[in-house]
Each structure stands twice: as C-alpha cells, then as structure tokens.
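Participant: Sharing a structure with you now.
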Amino acid sequence: MTNETIIFILLNSVVSFGLSLLFYKNYLKDKSKWLLIGLRFLSFFIVITLLFDFSTELTQVSTQKPKLYIGVDDSKSINYLSDSTEVTQLIKTLEDHPELNEVFDINLLKFGSKVEVLDSLSFNQNYTNLSSLFDFYTNLKDNNAQFVTITDANQNFGQSIDYSLSQSLKNRNYGIIIGDTTQVDDLNLSRTNHNAYAFLDNNFPVEVFVENNSNSATKTNLKLLQNNQLISQQNINLSPNATGQFKFEIKAKQIGKQTYKIVVDALKNEKNIINNTKSFGIEVIDNRYNILLVSEIIHPDISALKSSISASNQYKFTFKKPQDVNDLSKYNLVIAYQPTPIFKPLLTQVKTSKQSLFIIGGTSTDYDLLTDLDFGFSKKNTSLIEDIQAEFSNSYSFYETENLKFQDYPPLKNQLSRVELTDNFQTLLDQKVNGFKDGNPLWIVKNVNNHKLSVLFGENIWMWRSKAYQSFGNFKEFDRFIDQHIQFLSNKKRRERLTVEAKNFYNRGEAGKISAKFYDANYNFKSDAKLNLTITNLKTNTVNTISMARDANQFSSSISSLPTGDYSYKITAEAFSKTGDFSIIDFNRELQDQQANYKFLASALQKEQIYLQKNNADLINSILNKKPKAIQKSFVKKLGFIEIKYLLGLLILTLGFEWILRKYRGLT
C-alpha cells in the first residue's frame, strides 16, 4: 500500500467520523446510539471513497521470443528427388534443437498448392506453390521473425517468386534445397497451346514448347501421335539452355474427344524421360453456324469478310440487303455493315430478340441511328473523315487471340467524332490518330447475359487482309483472327434449368471437379436441390454414384481420385438430367523435374542463405549468429482501491441497518 493510500484512508476516516458525530451530536450521551454513529461513519467513508478515483497502477513486463517459421514442401517431388525420411528427420532436428528453442518460438508450416499448419507430412500433394508460402511470410508483417524454407524449388503452380519478397524478408529468409542440385542434360516438354474444340474437317494448330536444359546445342526429333500411331514429326534444333517453340497443324477427321501425344526423342544418357512426353486432348464437333451479312452498299470489305469467314467449313455465309431480310431466327450471327436508316427495323428486331450482332461502321454509317437505338455507345454523324490506326489491347479477355501487329497495318477510315460508352464493353483494338492514342476505342465487344455485340468503328478492313498476306505470305493468320471473333459471337447457349461445367480432359491426380447449377422455373438458383452424379468407367464398366455437394452458388464433386481412363457421367436433378464424358490423362506435374532447382530459389532468396540438406548445422549456426533480440513489452494495469460493486453493496447494507435501528429506537 502506497503512502498516498494511507493518507487518503486517514483523512477519509477523520472527515467521516467528524460528520457522523455532527449528525448525531444530540445523542452522544446515549452510548446505545454509538452503533448508529458507526453505521453512519461507514456510509460517509464509502461515499467519499466513491467520489474519488483513487486507484494505483501496476506495471507488468513480458518478454516475447522472436518467431521462427519453418515452411516444408509437402509435394510428391520430394519423395521422387530425395529420401523423405531424411527430410522428416531434418525437420525434427530443427524443431527439437535446444538453442533454437531457447531463442525462438518455432512454428511449423507445410505447403503444396496452399499453406497449412504442419500437423503431419505425406509428401503426396500434386502441386508446389512457393509463391503461396512467400505471400504468407509477407502478410505476417512481423519484422522480427525469421524464416526457413525447405523445398526442391520445382514450382509448378502459382505466381512467379522472383519479386515476391522484400529485401527485409530476404535478409531473414533461409533456404534448404532438397535433392540433387547438379545440372544434368534434360529435354522437357514444358507446355502445349491448343484450342479446346475443333470443327470437323478443319485444321487446328498446336504449339509445343521444348526446353533444352543442357549446355550444348541439340538436334532431335519431335513427334505427334494418336493411338500410338505417328501423325507428324519434325526435326528440331534447340539452342543451349533455351526453349524452342514449334507448331503442328492437325486435321480434325473424327467427331468426338480426341487424345494426342507429343514425344521428343531423349538425349543420349538422359535420365529423366518422363517429361519427354505430354498428352493433350480436344473435342471435334460438327456444327455449322449460319452467318448473315447485311449491307445496302457494295464495298471491298464485304468480299474480304466473306473470304475470311468462308475459309472455315464451320460457317455458312449469306449476304442480303436490309429490305430482303425476313426471318432472323435461323442465323447465329448478324453482321450489319455500315447501317443506314433503312436498317432500323432489322436492328430493332435483332435487339429485341437478343441476337448476336456485329456492327461495322464507316464513312457511310448513320451513327445517330445507332445512338438512338441505344446499343450501349453513342457517336455523332459528321462529314469530317479521319484515318485511324489500330493498336492491340492487352486487357481484352473474352478469348485468347493473337496480336497481328495491327499498329503496322494500313489505317481505316471513319467519321471524326468521339465514341462515348454507356455500357460495359471490352476493347479489342484501341484507336490511334497521327500515331497517338486519342482515348477512343476502335473495336469494342460486350457480352451481357449471353447477348453479344461487337462494333468496329472503321471501314477498309480488306486492306488489313492484304497487309496480312504481305506479312505472312498467306491469309491464314488474318482469317484465323476473324474466325476466332466470329466463333465467339456465334456461339450462343440457350437457357436451361440444369447446366453442367466439365472439362473434356483432366490430368491424373490434379484437383479436377465437375460442377453443376440447377434453377427453378423462374431461373433462380435452387440452393436446396438434390443433385446426383453417376460416373462410369468405360473400360471396366465400374459405376459410382455420389451426391454433389453445395459449393457457394453451385454444386460440385471432385474427380481427382479417379485413375487414368475414359469415363461417362450423368447428373440428375428432379426430372432433369445431363450426360457427358471425359478422360483422365496420365500426367504428373511433380515428376517432370530430375533435380532440385537451385537457381529458381536463388532468384527469390540471397544465395549465401541457401544451404544443402546435409549442411543443416551451418544453417543453424547462421540463424543463431544473426538472431534477433527478444522483444520486451510492458503492460500497465490500473487497480482500484476497492472494487466499486463491493462498496455500493456495503453502502446499501449500512444505510439499511441504520434505517432499521432508527425506526426500532423511534428516531425520525
């Protein structure tokens, strides 16, 4: 008890006693009234105590150890490239190290595709995502923590880690590389690019990327096979430690899902040949789209568009004048070339029926009409004509398309006035005038509830097709660009109560799933619906039926545990059902690398802070030599002289007893 407290108690006692004597001064000779004086003394004492915030402060000091986070790679490649029992023993060595435990609060983590608290290790995850671990380190915002990352650094999922860590985090992040870091000569089929669908009797391209992980130039053979039958092959040359890009053109000869295999011949004494083979699949469909081009004028653009569209067997091209168009229902896409007032009934019908529409404007276009019809943009008619050059927009995302270097193409012509967008369009091409962007789009696209609209603000696209021929020696590149756009606009799905989302091909062991949505009669999502998924192995006829789980605004079921093979599926919901099929392709990302990727880890950490597995003692010494200081935190706790609730309770008791005694003795 402090001196201030003692003084307060004495003064309070004197004042309270004096007031009590003053209150009962007429009864001092009657000793039986001294009990009343005592009760009144307590009441005054309590009231005065409550009037003052008389409390004391208690300072408590605690010491916090800095944290040491140990992140462990739990992917399959650890088992493949090293002895997982040695990795487990390494973790135990770090976790139980007495000096580390004396200095640090040790926290164990594991990661595959995402970061989790380490409870056990299976080394069975299908992905290595180092970026997720480094994002976790960054989000901790703990400037006193130290980190140890145990991995083979063969990342196959997530973002690049080159710039994931700040310099401060790099200084506090240590790495232990698992597996052999000695570079061995290896060829690797890193990836293939191809469309998911192709039309019957059409050619479709497949891009193949081959990595040459050796210090010498290499000549080898690249093969394309289907059902183990050779379809095509190329003799390829690869530069040292570089990636080569090669292309196959494949003709779609058979309807349905088609599986292909790319094989690159192995180097002499190449150890890892698993990554010399990659399978992929596409679905070949037989479905021709009806394309209607409507124009009141004759223009070279019409011939160019007809040639580009007719280059693909998937389209049936029809040309009509606006007054000759009667039934629009049989067309998948309407192209309105330079609309004039006579187009109004046609465009009104297209808008009402939510038909896919491609508008091409130019010097003869009635932009006031298009503005009045409210297609989501406005532009004024003007007699001034300008030359417009194009620049590819990297923000376009409706589908992947190739930049044909449009900035080098001849300018289009259009009326000189601004384009104001009143709806959510994406820009395919930006507009440049005199070499500078003027803030106007040249080619815009929107897709609202599957109602698709494309608008090109310029004529003379025929000159672009001619330029493409000069650049590439053929029309294929430009025709493919137009084909992609026409295919996107023409492909329109009708609204259905039960919809299914499933791929045609899945890689074995990866996180694949089949999803479905079910709607009521008013097309509202029915969250309490019961959906069942039946999967049949087409080779063994094994049937498995499971109930699909609710997943946010859809239902889904995982198929990641299925073995390699071909399957059919059926999804049922009430009286509705959907069927389909898919294939599980034999491919494992975690077995594509033969050695640890020291360079990749060194791109994110400091080289001198990366250690081999056998040098863990050096790692421990380095951590201890740079150990951060423990943090002392002080907490001030305010303690009251006596708890208020007890004082109030005692006050009520003293006043109550005093009142009873006064009544008993007949005092007023």
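To be explicit about the labels: the chains of the structure tokens are called A, B, and onward in the order shown, and within each one the residues are counted from 1, while ligands get numbers from 1 in the order they are shown.
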For Ser20 of chain A, find every residue with an atom within 7 Å (counting only C-alpha atoms), except residues of its own chain fewer than 5 positions away, and show them as a PyMOL selection string.

Facilitator: chain A and resi 37+40-41

Participant: Deliver the residues from the most recent selection as a file, using N, CA and C atoms, as a compact mmCIF listing (two decimals), in the first residue's frame.

Facilitator:
```txt
# COMPACT_ATOMS: atom_id res chain seq x y z
N ILE A 37 -23.91 5.85 15.06
CA ILE A 37 -22.77 6.69 14.63
C ILE A 37 -21.79 5.87 13.78
N ARG A 40 -23.26 5.27 10.34
CA ARG A 40 -23.19 6.49 9.54
C ARG A 40 -21.74 6.79 9.12
N PHE A 41 -20.79 6.48 10.02
CA PHE A 41 -19.36 6.65 9.68
C PHE A 41 -19.01 5.82 8.44
```

Participant: Would you give me, as a PyMOL selection string, the residues in segment 138-177 of chain A that DSSP reads as alpha helix (DSSP H)?

Facilitator: chain A and resi 138-140+167-171

Participant: Selection from above, N, CA and C atoms, as a PDB file, in the first residue's frame, can you write it?

Facilitator:
```pdb
ATOM      1  N   THR A 138       4.966 -12.586 -46.136  1.00  0.00           N
ATOM      2  CA  THR A 138       4.786 -11.138 -46.303  1.00  0.00           C
ATOM      3  C   THR A 138       3.600 -10.623 -45.499  1.00  0.00           C
ATOM      4  N   ASN A 139       2.506 -11.379 -45.514  1.00  0.00           N
ATOM      5  CA  ASN A 139       1.275 -10.941 -44.837  1.00  0.00           C
ATOM      6  C   ASN A 139       1.371 -11.005 -43.323  1.00  0.00           C
ATOM      7  N   LEU A 140       2.381 -11.696 -42.793  1.00  0.00           N
ATOM      8  CA  LEU A 140       2.544 -11.740 -41.338  1.00  0.00           C
ATOM      9  C   LEU A 140       2.879 -10.360 -40.772  1.00  0.00           C
ATOM     10  N   GLN A 167      13.371  -6.802 -49.592  1.00  0.00           N
ATOM     11  CA  GLN A 167      14.753  -7.012 -49.186  1.00  0.00           C
ATOM     12  C   GLN A 167      14.841  -7.378 -47.709  1.00  0.00           C
ATOM     13  N   SER A 168      13.964  -6.777 -46.895  1.00  0.00           N
ATOM     14  CA  SER A 168      13.957  -7.094 -45.463  1.00  0.00           C
ATOM     15  C   SER A 168      13.637  -8.566 -45.229  1.00  0.00           C
ATOM     16  N   LEU A 169      12.661  -9.097 -45.960  1.00  0.00           N
ATOM     17  CA  LEU A 169      12.308 -10.510 -45.807  1.00  0.00           C
ATOM     18  C   LEU A 169      13.401 -11.420 -46.360  1.00  0.00           C
ATOM     19  N   LYS A 170      14.057 -11.009 -47.452  1.00  0.00           N
ATOM     20  CA  LYS A 170      15.157 -11.819 -47.987  1.00  0.00           C
ATOM     21  C   LYS A 170      16.273 -11.979 -46.967  1.00  0.00           C
ATOM     22  N   ASN A 171      16.547 -10.913 -46.211  1.00  0.00           N
ATOM     23  CA  ASN A 171      17.613 -10.963 -45.214  1.00  0.00           C
ATOM     24  C   ASN A 171      17.297 -11.932 -44.084  1.00  0.00           C
TER      25      ASN A 171
END
```

Participant: Measuring atom to atom with only C-alpha atoms, identify which of A:Val184, A:Leu51, A:Ile6, A:Leu35 is nearest to Ile660 of chain A.

Facilitator: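 With only C-alpha atoms as the atom set, the closest residue is A:Leu35.
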
Participant: Can you work out which one of A:Asn290, A:Asn12, A:Ser568, A:Ser378 has the shortest atom-to-atom distance to Gln314 of chain A, counting only C-alpha atoms?

Facilitator: A:Asn290

Participant: Among segment 209-403 of chain A, which ones does DSSP place in strand (DSSP E or B), written as a VMD selection string?

Facilitator: chain A and resid 209 to 213 218 to 226 229 to 238 242 to 251 256 to 264 277 to 285 289 to 295 315 to 320 333 to 337 357 to 361 377 to 378 385 to 392

Participant: Within 9 Å of segment 628-635 of chain A, counting only C-alpha atoms, which residues qualify if same-chain residues fewer than 2 places away don't, as a PDB file with N, CA and C atoms, in the first residue's frame?

Facilitator:
```pdb
ATOM      1  N   LEU A  58      -0.217  -0.852 -11.852  1.00  0.00           N
ATOM      2  CA  LEU A  58       0.713  -1.965 -11.734  1.00  0.00           C
ATOM      3  C   LEU A  58       1.335  -2.219 -13.099  1.00  0.00           C
ATOM      4  N   THR A  59       2.643  -2.142 -13.227  1.00  0.00           N
ATOM      5  CA  THR A  59       3.350  -2.365 -14.492  1.00  0.00           C
ATOM      6  C   THR A  59       3.850  -3.801 -14.554  1.00  0.00           C
ATOM      7  N   GLN A  60       3.418  -4.512 -15.613  1.00  0.00           N
ATOM      8  CA  GLN A  60       3.857  -5.887 -15.833  1.00  0.00           C
ATOM      9  C   GLN A  60       4.708  -5.940 -17.088  1.00  0.00           C
ATOM     10  N   VAL A  61       5.840  -6.605 -17.037  1.00  0.00           N
ATOM     11  CA  VAL A  61       6.772  -6.707 -18.158  1.00  0.00           C
ATOM     12  C   VAL A  61       6.841  -8.167 -18.615  1.00  0.00           C
ATOM     13  N   SER A  62       6.660  -8.373 -19.955  1.00  0.00           N
ATOM     14  CA  SER A  62       6.765  -9.729 -20.520  1.00  0.00           C
ATOM     15  C   SER A  62       7.784  -9.718 -21.647  1.00  0.00           C
ATOM     16  N   THR A  63       8.462 -10.828 -21.832  1.00  0.00           N
ATOM     17  CA  THR A  63       9.463 -10.983 -22.887  1.00  0.00           C
ATOM     18  C   THR A  63       8.943 -11.958 -23.934  1.00  0.00           C
ATOM     19  N   GLN A  64       8.916 -11.515 -25.204  1.00  0.00           N
ATOM     20  CA  GLN A  64       8.440 -12.357 -26.291  1.00  0.00           C
ATOM     21  C   GLN A  64       9.611 -12.795 -27.149  1.00  0.00           C
ATOM     22  N   LYS A  65       9.710 -14.119 -27.335  1.00  0.00           N
ATOM     23  CA  LYS A  65      10.734 -14.639 -28.233  1.00  0.00           C
ATOM     24  C   LYS A  65      10.366 -14.295 -29.683  1.00  0.00           C
ATOM     25  N   PRO A  66      11.355 -14.032 -30.524  1.00  0.00           N
ATOM     26  CA  PRO A  66      11.049 -13.887 -31.959  1.00  0.00           C
ATOM     27  C   PRO A  66      10.586 -15.228 -32.518  1.00  0.00           C
ATOM     28  N   VAL A 103      15.962 -19.524 -28.119  1.00  0.00           N
ATOM     29  CA  VAL A 103      15.934 -18.191 -28.709  1.00  0.00           C
ATOM     30  C   VAL A 103      14.603 -17.889 -29.395  1.00  0.00           C
ATOM     31  N   PHE A 104      14.024 -18.920 -30.048  1.00  0.00           N
ATOM     32  CA  PHE A 104      12.868 -18.686 -30.922  1.00  0.00           C
ATOM     33  C   PHE A 104      11.625 -19.423 -30.446  1.00  0.00           C
ATOM     34  N   ASN A 144      10.370  -9.045 -36.882  1.00  0.00           N
ATOM     35  CA  ASN A 144      11.357  -9.706 -36.028  1.00  0.00           C
ATOM     36  C   ASN A 144      11.430 -11.205 -36.290  1.00  0.00           C
ATOM     37  N   ALA A 145      10.568 -11.706 -37.181  1.00  0.00           N
ATOM     38  CA  ALA A 145      10.502 -13.151 -37.436  1.00  0.00           C
ATOM     39  C   ALA A 145      11.609 -13.580 -38.388  1.00  0.00           C
ATOM     40  N   GLN A 146      12.023 -14.853 -38.263  1.00  0.00           N
ATOM     41  CA  GLN A 146      12.967 -15.487 -39.174  1.00  0.00           C
ATOM     42  C   GLN A 146      12.243 -16.633 -39.885  1.00  0.00           C
ATOM     43  N   LEU A 624      21.506 -18.585 -35.620  1.00  0.00           N
ATOM     44  CA  LEU A 624      21.824 -18.172 -34.252  1.00  0.00           C
ATOM     45  C   LEU A 624      22.769 -16.978 -34.225  1.00  0.00           C
ATOM     46  N   LYS A 626      22.797 -14.572 -36.304  1.00  0.00           N
ATOM     47  CA  LYS A 626      22.049 -13.378 -36.682  1.00  0.00           C
ATOM     48  C   LYS A 626      20.743 -13.264 -35.908  1.00  0.00           C
ATOM     49  N   LYS A 637      -1.467  -1.917 -15.673  1.00  0.00           N
ATOM     50  CA  LYS A 637      -2.807  -2.308 -15.234  1.00  0.00           C
ATOM     51  C   LYS A 637      -3.241  -1.398 -14.099  1.00  0.00           C
TER      52      LYS A 637
END
```

Participant: How far is it from atom CA of Ile610 of chain A to atom CA of Val72 of chain A, in Å with one decimal?

Facilitator: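 That distance, rounded to one decimal, is 14.4 Å.
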
Participant: May I ask which of the residues A:Leu416, A:Val264, A:Leu647, A:Leu305 is the closest one to Asn235 of chain A, counting only C-alpha atoms?

Facilitator: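 Ranking A:Leu416, A:Val264, A:Leu647, A:Leu305 by distance to Asn235 of chain A, first place goes to A:Val264.
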
Participant: Considering only C-alpha atoms, return as a ChimeraX atom specification whatever protein or nucleic-acid residues lie within 7 Å of segment 419-426 of chain A, sequence-local ones (same chain, fewer than 4 positions apart) excluded.

Facilitator: /A:376-379,396,440,444-446

Participant: Put those residues in a file: N, CA and C atoms, as a short mmCIF file (atom, residue, chain, number, x, y, z; two decimals), in the first residue's frame.

Facilitator:
```cif
data_model
loop_
_atom_site.label_atom_id
_atom_site.label_comp_id
_atom_site.auth_asym_id
_atom_site.auth_seq_id
_atom_site.Cartn_x
_atom_site.Cartn_y
_atom_site.Cartn_z
N GLY A 376 -25.52 0.82 -76.26
CA GLY A 376 -24.51 0.94 -75.21
C GLY A 376 -23.37 1.87 -75.56
N PHE A 377 -23.51 2.58 -76.68
CA PHE A 377 -22.48 3.57 -77.05
C PHE A 377 -23.17 4.69 -77.83
N SER A 378 -22.49 5.80 -77.92
CA SER A 378 -23.02 6.92 -78.71
C SER A 378 -21.90 7.53 -79.53
N LYS A 379 -22.25 7.97 -80.74
CA LYS A 379 -21.30 8.62 -81.65
C LYS A 379 -22.12 9.47 -82.62
N TYR A 396 -8.07 -7.19 -73.28
CA TYR A 396 -9.18 -7.97 -73.84
C TYR A 396 -9.11 -9.40 -73.30
N ASN A 440 -10.24 6.99 -77.81
CA ASN A 440 -11.40 6.33 -78.40
C ASN A 440 -11.08 4.88 -78.72
N ILE A 444 -14.82 -2.68 -80.14
CA ILE A 444 -15.31 -2.99 -78.80
C ILE A 444 -16.24 -4.20 -78.83
N VAL A 445 -16.31 -4.90 -77.70
CA VAL A 445 -17.11 -6.13 -77.61
C VAL A 445 -17.75 -6.17 -76.22
N LYS A 446 -19.01 -6.65 -76.17
CA LYS A 446 -19.64 -6.89 -74.87
C LYS A 446 -20.44 -8.18 -74.93
#
```

Participant: Using only C-alpha atoms, determine which residues lie at most 12 Å from Thr93 of chain A, disregarding the query and same-chain residues fewer than 3 positions distant; provide the list as a compact mmCIF listing (two decimals) with C-alpha atoms, in the first residue's frame.

Facilitator:
```
# COMPACT_ATOMS: atom_id res chain seq x y z
CA ILE A 70 9.79 -23.36 -40.95
CA GLU A 86 15.74 -37.72 -44.18
CA VAL A 87 13.59 -34.64 -44.76
CA THR A 88 11.38 -35.62 -41.81
CA GLN A 89 14.48 -36.10 -39.64
CA LEU A 90 15.79 -32.69 -40.73
CA ASP A 96 13.99 -30.00 -31.21
CA HIS A 97 17.24 -28.04 -31.37
CA PRO A 98 17.77 -26.72 -27.79
CA GLU A 99 19.47 -23.44 -28.74
CA LEU A 100 16.90 -22.63 -31.39
CA ASN A 101 14.10 -23.31 -28.90
CA GLN A 613 20.28 -30.60 -46.85
CA LYS A 614 23.49 -32.11 -45.42
CA ASN A 616 21.83 -28.03 -41.82
CA ALA A 617 24.35 -27.44 -38.97
CA LEU A 619 22.18 -23.18 -41.33
CA ILE A 620 21.52 -23.39 -37.59
```

Participant: With a cut-off of 8 Å, could you pull out the residues of segment 268-298 of chain A touching segment 187-198 of chain A and give me the nearest pair of atoms for each, distance in Å to one decimal, using only C-alpha atoms, ordered by chain and ascending number, as a Markdown table?

Facilitator:
```
| residue | atom | partner | partner_atom | distance |
| --- | --- | --- | --- | --- |
| A:Ile273 | CA | A:Leu187 | CA | 7.9 |
| A:Asn275 | CA | A:Asn188 | CA | 5.1 |
| A:Asn276 | CA | A:Asn188 | CA | 5.5 |
| A:Thr277 | CA | A:Leu189 | CA | 6.6 |
| A:Lys278 | CA | A:Leu189 | CA | 6.6 |
| A:Phe280 | CA | A:Thr192 | CA | 7.9 |
| A:Gly281 | CA | A:Ala196 | CA | 7.5 |
| A:Ile282 | CA | A:Ala196 | CA | 5.0 |
| A:Glu283 | CA | A:Tyr197 | CA | 4.8 |
| A:Val284 | CA | A:Ala198 | CA | 4.8 |
| A:Ile285 | CA | A:Ala198 | CA | 6.3 |
```

Participant: Could you please take those selected residues and save C-alpha atoms as a CSV table (one decimal), in the first residue's frame?

Facilitator:
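Below is the file selection-v5.csv, written as the result:
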```
chain,number,residue,atom,x,y,z
A,273,ILE,CA,12.4,-39.2,-69.8
A,275,ASN,CA,9.0,-35.1,-69.1
A,276,ASN,CA,9.7,-36.1,-72.8
A,277,THR,CA,6.1,-37.0,-73.3
A,278,LYS,CA,2.9,-34.9,-72.9
A,280,PHE,CA,-3.4,-33.4,-74.6
A,281,GLY,CA,-7.0,-33.6,-76.0
A,282,ILE,CA,-9.5,-31.7,-78.0
A,283,GLU,CA,-13.1,-32.2,-78.9
A,284,VAL,CA,-14.1,-32.3,-82.5
A,285,ILE,CA,-17.6,-31.1,-83.2
```

Participant: Tell me which of A:Ser364, A:Ser13, A:Gln609, A:Asn143 sits closest to Leu384 of chain A, counting only C-alpha atoms.

Facilitator: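 Ranked by minimum distance to Leu384 of chain A, first place goes to A:Ser364.
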
Participant: Give me the residues within 7 Å of segment 513-516 of chain A as a list of chain:residue names, counting only C-alpha atoms and dropping any in the same chain fewer than 4 places off.

Facilitator: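 In the requested form, the answer reads A:Thr499, A:Val500, A:Glu501, A:Ala502, A:Gln554, A:Phe555, A:Ser556, A:Ser557, A:Ser558, A:Ile559.
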